[in-house]
Every structure is written in structure tokens, then in C-alpha cells.
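**Q** Please read through the structure below; I'll follow up with questions.
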Amino acid sequence: IASGSVDKTVRLWDAQTGAPGPILSGHTESVQSVVYSPSGHQIASGSEDNTLRLWDSRTSASNLNLSGHIRSINRLAYSPSGHQIVSGSWDNTVRLWDAETGALGLILSGHTDQVNSVAYSPSGNQIASGSDDMTVRLWDAQTGASGHNLSGHTSLLTSVAYSPSGHQIASGSNDSTVRLWDAQTGAPGPILSGHTEFVVSIAYSPSGHHIASGSGDMTVRLWNAHTGTPGLILSGHTMYVRSVAYSPSGRQIASGSDDMTVRLWDAHTGAPGHILDGHTKYVISVAYSQKGHQIASGSWDKTVRLWDAQTGAPVLILSGHTDDINSVTYSPSGHQIASGSKDQTVRLWDAQTGAPGLILSGHADLVMSVTYSPSGHQIASGSDDNTVRLWDAQTGAAGPIMNGHTDDVNSVAYSPSGHQIVSVSVDRTVRLWDAHTGTPGPILSSPTYRVNSVTYSPSGHQIASGGWDSTVRLWDTQTGAPGPILSGHTSLVNSVAYSPRGHQIASGSNDFTVRLWDAQTGTAGPILSGHTGWVASVTYSPSGHQVASGSYDTTVRLWDAQTGAPGPILSGHTGWVTDVAYSPSSHQIASGSKDNTVRLWDVDSSQCLVLVKDFSAAIRCIAWRKTLSGIYLVTNCDSIREWVVIEGEGRCQVRLHKRSMQGGLAVSDTCIQNARGLNGVNLQLLRQQGAIGEPAAPLSVCKAT
């Protein structure tokens with residue numbers, strides 16, 4: 001068995017005894033995909049370091065390092081002959097490689113977003129790829145010619161599979177459906193509807209007559225592969241179902257779930273069988289051995305477990321990955337080691353003495369605003385250190401630092417395309433930035449008073465800003481030209497938000513009211529009165545039917561977005577509410593407060609589900625995101641933290657997933673002349689702070705603890 005991990009290695013294991021074998025080291029980032037060649041003599045691995053590596057499975061030697069992709073490689077597959085490898089990447093391309101020489105063959109371009117899944121047809125003549133652009137594309141495996149573009153899904157593609165005959169393709173999507181397609185003509189077939197959450201995994205039965213799908217709705221559903229007719233619903237898991245597989249005989253189905261179990265089912269009757277309990281984190285993948293006697297499951301607990309497929313008895317636990325350290329690497333000189341850990345810090349160490357060095361962190365002052373890019377791949381944060389910083393949401397790596405503001409940055413937002421960022425500052429400017437390079441764009445005409453909040457319209461064509469002059473101002477994002485000025489508030493505007501369709505704007509003010517406006521004409525709509533303190537935050541539900549507002553009166557209030565009628569009042573905070581945000585499902589609201597807590601509320605019952613107290617300062621901003629790996633909250637107070645939200649068995653839990661660390665090095669009013677005895681890193685740090693010569697490229701650190 002081969003397993004790939006975020007610890008940057010591929011590990012081999014004896015499938016009968018579970019004994020660890022060679023460790024294949026070489027990748028410099030997480031390993032995303034690992035596959036054996038049909039002969040079993042070669043292993044291919046794809047990584048977030050943008051490379052594909054080929055290994056001899058008998059000697060463990062790294063034969064070839066294939067470069068070409070410019071972003072992470074998500075999926076790999078060998079052709080049935082074993083002569084060719086196909087790779088799908090976040091750079092939106094599919095690439096073909098010669099498995100013997102490593103030579104890059106065809107580059108298959110056409111997708112407009114990341115490629116999540118690739119598969120060869122059983123004949124090897126065709127390739128199918130699934131992408132976040134909501135399409136499945138077919139390609140000629142010999143010429144690379146683009147074949148049919150299978151459009152119809154309304155959200156990103158999570159999984160694609162060929163039927164055993166190769167005549168049909170099934171695709172699963174975040175739109176909660178499975179779609180069938182004719183592999184030769186691309187003609188759409190039945191749409192398999194029934195799941196109520198995203199479809200994560202699909203599998204054909206060995207006969208090709210049935211399809212099994214696993215979903216975020218915690219069920220496995222069976223379907224007739226020819227007619228699309230729904231069959232049995234296999235219920236029992238208490239969290240997302242991540243993976244499904246048929247046994248080679250087709251008589252049994254195995255499913256792996258976020259509830260940390262593998263469940264076995266009778267494929268004909270749907271009767272539940274054994275529950276394989278032992279993993280301590282989400283089960284992401286399940287697979288049967290060739291003869292069907294054994295099941296392997298892979299989990300976020302960093303183990304692979306083997307189980308007896310007949311009795312469900314555990315056979316072996318394959319352990320080897322560490323708990324605390326996610327990555328470790330040497331500097332090119334070999335004098336220094338860098339380690340990355342679950343605490344989301346990078347620490348530097350002296351490779352000869354082991355002495356701890358610096359901790360690389362980020363902002364030099366408190367973080368005022370944080371938001372995800374539409375793709376979820378990037379985070380932008382605005383700070384009182386006058387900068388906007390970009391971070392890789394997967395690795396936590398720091399990206400460009402956007403310098404230009406001369407005072408605190410209060411708010412940041414992405415354009416819907418993700419290509420542009422807007423920031424507003426106490427320096428009374430609204431600035432636009434390139435989200436990929438950090439290059440500054442237009443500076444929108446400075447308002448008379450400072451700006452507190454800014455947001456894009458869903459189309460990306462308009463920006464709305466709220467400021468101390470008690471107005472909401474609209475701007476054209478292409479030209480920077482000012483549009484209508486929305487007047488009516490009698491005190492400063494703290495927060496602005498567009499409805500999901502972009503037809504309406506909501507604004508919250510220190511005059512204790514929320515006001516609704518027509519986004520096209522600027523015409524004033526209903527005035528939502530009821531708060532007894534300043535309104536700090538407003539947001540729309542994903543459906544656009546409801547508005548939530550957070551206030552200095554310590555409450556969150558819900559309102560009808562069409563009529564302005566007041567709804568439930570969510571009480572519980574003991575300090576003013578600084579930010580509110582709806583979950584992607586609309587079922588929950590998260591609120592952050594000056595009382596140093598985050599509360600999760602059930603929208604229907606108005607009850608508080610979870611109280612998170614692990615903060616040492618006021619919560620300033622909250623955002624949600626939904627991915628294949630789960631639902632996450634990002635918060636900030638003294639640091640940026642990402643939390644995984646876990647629901648199941650009538651309970652809701654929030655667990656810390658990632659966090660940043662803040663700087664502690666302060667150098668001010670200092671000038672060091674003729675410095676001696678300082679290493680290059682220390683010199684760079686002091687130059688950055690303006691203490692030696694000209695400022696150098698930023699490298700933010702704090703003292704090692």
C-alpha cells in the first residue's frame with residue numbers, strides 16, 4: 001500500500017502484515033495524490049510543490065521529477081497500458097506525461113478553474129476531467145484534442161468516474177446531484193437527484209449496473225446506472241460521507257465518514273453490516289483489496305487501518321506520521337532547519353546545535369478585517385499596521401504585502417472573480433489591489449470623512465462604502481468613478497452589505513438603525529429600528545430573504561429583507577457584537593463580541609448552539625467557508641484563527657484548525673551604525689524596522705518562546 005501525506009512523504013506498507021516499508025522523500029510540500037502503475041513497478045506522486053515524481057516501487061529510488069504545472073497537482077492516473085500518466089492541477093490544466101522518460105506530452109487546456117479529478121476510459125483512448133468550473137471535459141488521449149464539454153452542474157465538480165464498460169461517465173458535484181453522460185457523444189443522461197448536500201464520492205458496481213454516491217447529507221444512495229432511478233438509501237452515518245467503494249464481487253459496499261467510522265452495507269438489500277470503529281479523525285478514503293477479503297481506510301488521524309471485510313475485525317494500524325510537526329526541511333546550505341506545525345507557526349533551528357531561532361509570523365499590529373477569496377484558496381487580512389496581507393489558505397504561507405495606506409486598514413473584500421481586492425483605511429482612502437500580485441490599482445477619490453466598511457456587489461461591477469459622513473457611497477470598479485450617494489443615516493455608517501442578487505444594500509449605523517437601499521437607483525427602502533445601541537455589522541442570509549445585524553446593545557437581530565419586519569432577537573453576549581455572519585447553509589449565524597467570545601446560533605430556534613471562549617481580546621471579524629473537507633469559521637482578535645465546525649447527533653462542535661501568531665519585535669527611534677556580528681536574518685529584520693540603512697523586503701518575526 002502507498003500513502004501520501006501532508007508531511008511531504010510517500011510511505012509504503014506491506015499489505016499483509018502492515019509492516020512499514022521505505023519512505024519516499026523528495027517533495028517539498030504536501031503529497032496530494034499517489035498511484036501505482038498497472039504493472040505495480042512504478043509509483044507516481046503529485047504534490048503541492050507543483051511537481052510529479054516517479055519512483056521505482058521495488059528499490060524506492062526516485063527516478064524522475066516532472067515539472068510543468070505552476071500550481072498544486074490534485075489528481076493522477078495511469079493509462080491502462082501504463083505508458084502514460086495524466087495529471088490534473090489547480091493551474092486549470094490537464095497534462096500528459098511519458099511514464100518511462102518523464103517527457104511532458106500534451107497540455108490539455110480549456111478548464112477555467114482548478115481540476116479536481118482525472119480518469120482514463122478502460123480502453124485508454126479517452127480522458128475525463130472534472131473541475132471547479134462546473135464542467136466535465138473529455139479529451140482524446142492520443143492527440144489531446146478537446147472533445148465534448150459536459151456542462152450542466154451548477155457547482156464545482158468533486159468526483160468523476162467511468163463505468164466498467166467505458167460507455168458512460170458519472171460526475172458528482174457540490175450541487176448535490178450525480179449526472180450521467182454518454183462517453184462517446186457527451187450527451188447528457190439522467191440526473192440523479194435526491195441528496196440534500198454536496199456529493200463527495202461516486203463508485204460504479206463491478207457489473208456497471210449500479211452507482212453508489214456518498215454525500216454531505218450523511219447518506220449513501222444507490223442508483224440504477226442505466227435509468228437513473230433511485231434505489232436504496234443507506235442511513236447510519238452521523239456526519240459527511242467522504243468515500244464509497246464496492247467490493248470486487250459487488251455484494252458489499254463500504255463507506256467512510258467524518259464520524260470516524262467505516263460502515264459496511266449489503267449492496268442488494270441495503271442492510272447495515274459491521275461498523276468499523278477505531279479511527280480518531282475523519283475517514284477520507286476506503287478501498288477493497290483485489291480479492292475483497294480486506295478493506296483499507298485512510299483518515300485524518302494520520303493512520304491507514306486494515307480491516308477484515310467479512311467480520312469487520314481490525315487487522316492492523318499503520319502509524320508513522322507525527323502529530324505535531326506537519327513539515328520539516330533543511331535550508332540549501334544545510335545550516336538551518338525549518339519546521340511547520342499544527343500551531344501554524346514556522347520555526348527556524350540551528351542544524352548543528354538544535355538551538356531555536358525565530359518564529360515567522362505576520363502583522364505587526366492587531367488585525368481589523370479578514371476575508372476569504374471566492375475560491376477559498378487565499379485569505380486577505382487588513383491591520384492597524386497599515387497593510388493588507390495575503391495568505392495561502394491551504395498552507396498558511398504568507399503572500400504579497402500591500403503597502404500604501406498611511407493609517408489603520410479597517411476593511412478588506414475580494415471581488416466576486418477573486419482577481420481584485422478593495423481596502424479602506426482610516427487614511428480616508430479606498431484602494432484597489434491585484435489579488436495575485438499585490439500590485440496597487442486605482443485609488444478611489446478620497447471621501448470627506450474616513451471610511452469604515454467596503455464591499456463588492458455580487459457582479460463585481462460596483463463597490464459600496466460606508467463612512468463617518470453618515471452616507472453610503474457607490475463606485476464603479478472599472479473606472480473608479482463615483483456613483484450615487486445614499487443619504488439618510490444621522491450618524492456614521494459602520495457596515496454595508498449587498499444582497500446575494502445585488503439588487504439591495506443594507507447599511508448599519510451609529511444612529512441605531514439598519515437601512516435598506518435600491519442598489520441601482522440609490523432609493524431608500526425600509527428603516528429597520530429596534531436596536532438600542534450602535535449597529536456594528538450587517539449581513540444578508542445566502543438566500544437573501546433575511547438580514548442579521550449586530551449591535552453595541554449586545555444583541556443580534558434578524559429582519560425580513562423585503563418588508564423590514566423584525567424577527568427574533570439573539571441575546572447572550574455580555575459585550576457589544578462586533579461582527580455577524582451566516583453559515584453557507586443559512587442554518588447558523590456566527591457572532592463575535594467585545595466579550596471575547598464567538599457564539600453560533602441556530603437560525604430557526606434562535607438558540608445558542610456553541611460558545612467559543614478561547615480568545616484573549618475582542619473579536620473583530622468573522623467569515624465562513626465551505627469546502628470538501630468541511631465547514632470552517634475564520635476569526636480574528638489577537639490572531640487569525642480558523643475553526644472547523646462539526647455537526648452530528650444533534651450537537652454542534654467547534655475545534656481549532658489553524659492559527660497565526662503575531663509579531664513581538666519592536667524597534668522604534670533606533671539607529672544602529674556600523675553593526676557587527678549580526679547574521680543576515682538579523683540584519684534584514686533590523687533593516688525592515690528602519691533601524692539599519694534602507695528598509696529591506698518584509699520578513700515579520702517575533703521572539704522565539
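Identifiers in this document derive from the order of the C-alpha cells: chains are assigned A, B, ..., residues are numbered from 1 separately in each chain, and ligands are numbered from 1 in order of occurrence.
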Compile the contact shell of Thr177 of chain A as a PyMOL selection string: residues with an atom at most 7 Å away, counting only C-alpha atoms, same-chain residues fewer than 6 positions apart removed.
**A** chain A and resi 191-193+195+199
**Q** Which residues are near Ala506 of chain A? Cut-off 9 Å, only C-alpha atoms, ignore same chain within fewer than 5 positions. Put them as a PyMOL selection string.
**A** chain A and resi 495-499+514-517+538-540+547+561
**Q** Once you have the residues from the selection above, write them out as a PDB file, in the first residue's frame, restricted to C-alpha atoms.
**A**
ATOM      1  CA  SER A 495     -21.145  48.301   7.921  1.00  0.00           C
ATOM      2  CA  VAL A 496     -22.527  47.778   4.400  1.00  0.00           C
ATOM      3  CA  ALA A 497     -23.624  44.594   2.620  1.00  0.00           C
ATOM      4  CA  TYR A 498     -25.132  43.643  -0.753  1.00  0.00           C
ATOM      5  CA  SER A 499     -27.982  41.162  -1.074  1.00  0.00           C
ATOM      6  CA  VAL A 514     -30.276  49.415   9.656  1.00  0.00           C
ATOM      7  CA  ARG A 515     -31.356  50.949   6.340  1.00  0.00           C
ATOM      8  CA  LEU A 516     -32.147  49.152   3.078  1.00  0.00           C
ATOM      9  CA  TRP A 517     -31.439  50.779  -0.314  1.00  0.00           C
ATOM     10  CA  VAL A 538     -24.971  43.804   8.910  1.00  0.00           C
ATOM     11  CA  THR A 539     -25.168  40.803   6.591  1.00  0.00           C
ATOM     12  CA  TYR A 540     -27.641  39.007   4.314  1.00  0.00           C
ATOM     13  CA  VAL A 547     -30.822  40.396   7.265  1.00  0.00           C
ATOM     14  CA  ALA A 561     -35.183  41.718   3.923  1.00  0.00           C
TER      15      ALA A 561
END
**Q** Within 12 Å of Ser37 of chain A, counting only C-alpha atoms, which residues qualify if same-chain residues fewer than 5 places away don't, as a count of residues only?
**A** 22
**Q** Please provide as a list in words all residues within 12 Å of His419 of chain A, with the sequence filter that same-chain residues fewer than 5 positions apart are discarded (counting only C-alpha atoms).
**A**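 Once the nearby chain positions are removed, what remains is Ser373, Pro374, Ser375, Gln378, Ala413, Tyr414, Leu432, Trp433, Asp434, Ala435, His436, Thr437, Gly438, Thr439, Gly441, Gly460 and Thr477 of chain A.
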**Q** What separation in Å, quoted to one decimal, exists between atom CA of Arg242 of chain A and atom CA of Ile631 of chain A?
**A** 13.8 Å
**Q** Skip segment 463-475 of chain A itself and residues of its chain fewer than 4 positions away, then list as a ChimeraX atom specification all residues within 7 Å of it, counting only C-alpha atoms.
**A** /A:449-457,480-487,489-496
**Q** Would you please work out which residue, of A:Val612, A:Asp266, A:Ala623, A:Tyr282, is nearest to Val412 of chain A when using only C-alpha atoms?
**A**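 Ranked by minimum distance to Val412 of chain A, first place goes to A:Ala623.
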**Q** Quick one, how far is atom CA of Asp113 of chain A from atom CA of Arg179 of chain A?
**A** 19.5 Å
**Q** Write out as a ChimeraX atom specification each polymer residue whose atoms come within 10 Å of Trp139 of chain A, counting only C-alpha atoms; drop sequence neighbours fewer than 4 positions from it.
**A** /A:94,108,120,125-129,143-149
**Q** Print the selection's residues with C-alpha atoms to a file, as a tab-separated table (two decimals), in the first residue's frame.
**A**
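So the final result, stored in out06.tsv, reads:
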chain	number	residue	atom	x	y	z
A	94	VAL	CA	-4.56	18.55	-17.53
A	108	LEU	CA	-4.94	19.96	-22.23
A	120	TYR	CA	-8.85	7.24	-18.22
A	125	ASN	CA	-8.43	6.18	-25.65
A	126	GLN	CA	-10.19	8.92	-23.71
A	127	ILE	CA	-9.60	11.05	-20.63
A	128	ALA	CA	-12.26	12.71	-18.50
A	129	SER	CA	-11.51	15.63	-16.16
A	143	THR	CA	-3.91	13.73	-29.67
A	144	GLY	CA	-5.11	15.81	-26.75
A	145	ALA	CA	-7.96	17.10	-28.88
A	146	SER	CA	-10.74	18.57	-26.80
A	147	GLY	CA	-13.86	16.53	-27.12
A	148	HIS	CA	-17.16	17.16	-25.51
A	149	ASN	CA	-17.60	19.71	-22.75
**Q** Return the single residue from A:Ser571, A:Thr219, A:Thr51, A:Ser257 that is closest to Gly630 of chain A, with distances computed using only C-alpha atoms.
**A**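 Among A:Ser571, A:Thr219, A:Thr51, A:Ser257, it is A:Ser257 that comes nearest to Gly630 of chain A.
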